[in-house]
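Notes to accompany the following structure.
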Amino acid sequence: MAGNKIFELYQDLREKYNSPQGQWNLWCQRPKTKNEREEVIIGAILTQRTNWKNVELALNNLKKAGVYSLKGISRLGVKKLAPLIRPSGFYQAKAKYLFQLAKFILKNYDNLDKIKRGQLLELKGLGPETADSILLYALDKPVFVIDEYTRRLVKEKNLAKNLSYDFLQKLFEENLKKDFRLYQDFHALIVIDGKNINKE
DNA sequence: ACCCAGGTGGCCC
DNA sequence: GGGCCACATGGG
């Protein structure tokens, strides 16, 4: 699969940056424990349109309250969950989304591997990016995640004109080996690079 | 005081 | 299918 622009982009980013740090240290870790998978799932909702710093404040609140798990969240209920995740922004909405997601995942925990993308997308608050983030980073499914940083990079490098989610996902997946580890690292590097460019 | 951040749902056309 | 707005906080 070498010799295409997508894979070359990955190689460039790998050369440019060290191993993923911070959040990506966990998200790109393989394999993950059950608790670590749950951390990723919770973080995937909380990080929507929000700085990771704010997500950490919310995650710490969950830890301190002893509900840093899907089971803890599902037992807590939306009303008590909301104030804990307040720092992550949009907290009333996210509390609803996270609660129903926790219940859904727990119900299907025995066959997490069988969870379909379409099932996640039926849940309120889970669009393509969040659903794919869960599939890729929590469940180790080879699904490429597209986000705003990916769009900016594709545009900047003139890799495509169509910037729709489905088109870009297909573009990346067709030009890469179907390897969840590669997808995990690549997306992390894209985000790290995107944040870095903002500072320049 | 303003502007931004890994998005998503609900409108409208 | 695309454009616009609401959702909300913490940090630069």
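Simple scheme: letters A, B, ... for chains in structure tokens order, numbers from 1 for residues in each chain, numbers from 1 for ligands in the order shown.
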
Might you pull out every residue within 12 Å of Lys195 in chain A, with only C-alpha atoms (C1' of nucleotides) counted and same-chain residues fewer than 4 positions away left off, and present them as a ChimeraX atom specification? /A:51-52,148-150,152-153,188-191,199-200 /B:4-6

Set out as CSV a contact list for chain A and chain C with a cut-off of 9 Å, giving each residue of chain A that qualifies its closest atom pair and distance in Å to one decimal, counting only C-alpha atoms (C1' of nucleotides), ordered by chain and rising residue number.
residue,atom,partner,partner_atom,distance
A:Thr50,CA,C:DT9,C1',8.4
A:Asn51,CA,C:DG10,C1',8.7
A:Lys53,CA,C:DG10,C1',8.4
A:Asn54,CA,C:DG10,C1',6.6
A:Arg86,CA,C:DT9,C1',7.0
A:Pro87,CA,C:DT9,C1',5.2
A:Ser88,CA,C:DT9,C1',6.0
A:Gly89,CA,C:DT9,C1',4.4
A:Phe90,CA,C:DA8,C1',4.7
A:Tyr91,CA,C:DA8,C1',7.0
A:Gln92,CA,C:DC7,C1',8.5
A:Ala93,CA,C:DC7,C1',7.3

Interface list for chain A, partner chain B, 7 Å threshold, only C-alpha atoms (C1' of nucleotides), as a PyMOL selection string: chain A and resi 47-51+125+127+147

Alpha helix (DSSP H) positions in range 16-115 of chain A, given as an NGL selection string: :A and (16 or 23-27 or 34-46 or 52-64 or 70-76 or 78-84 or 91-107)

So that I can check the surroundings of Val40 in chain A, please list as a list in words every protein, DNA and RNA residue that reaches within 7 Å of it, counting only C-alpha atoms (C1' of nucleotides) and ignoring chain neighbours fewer than 2 positions away. Trp27, Glu36, Arg37, Glu38, Ile42, Gly43, Ala44, Tyr137 and Ala138 of chain A

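For the pair CA of Ile45 in chain A and CA of Ser133 in chain A, the interatomic distance is 9.4 Å.
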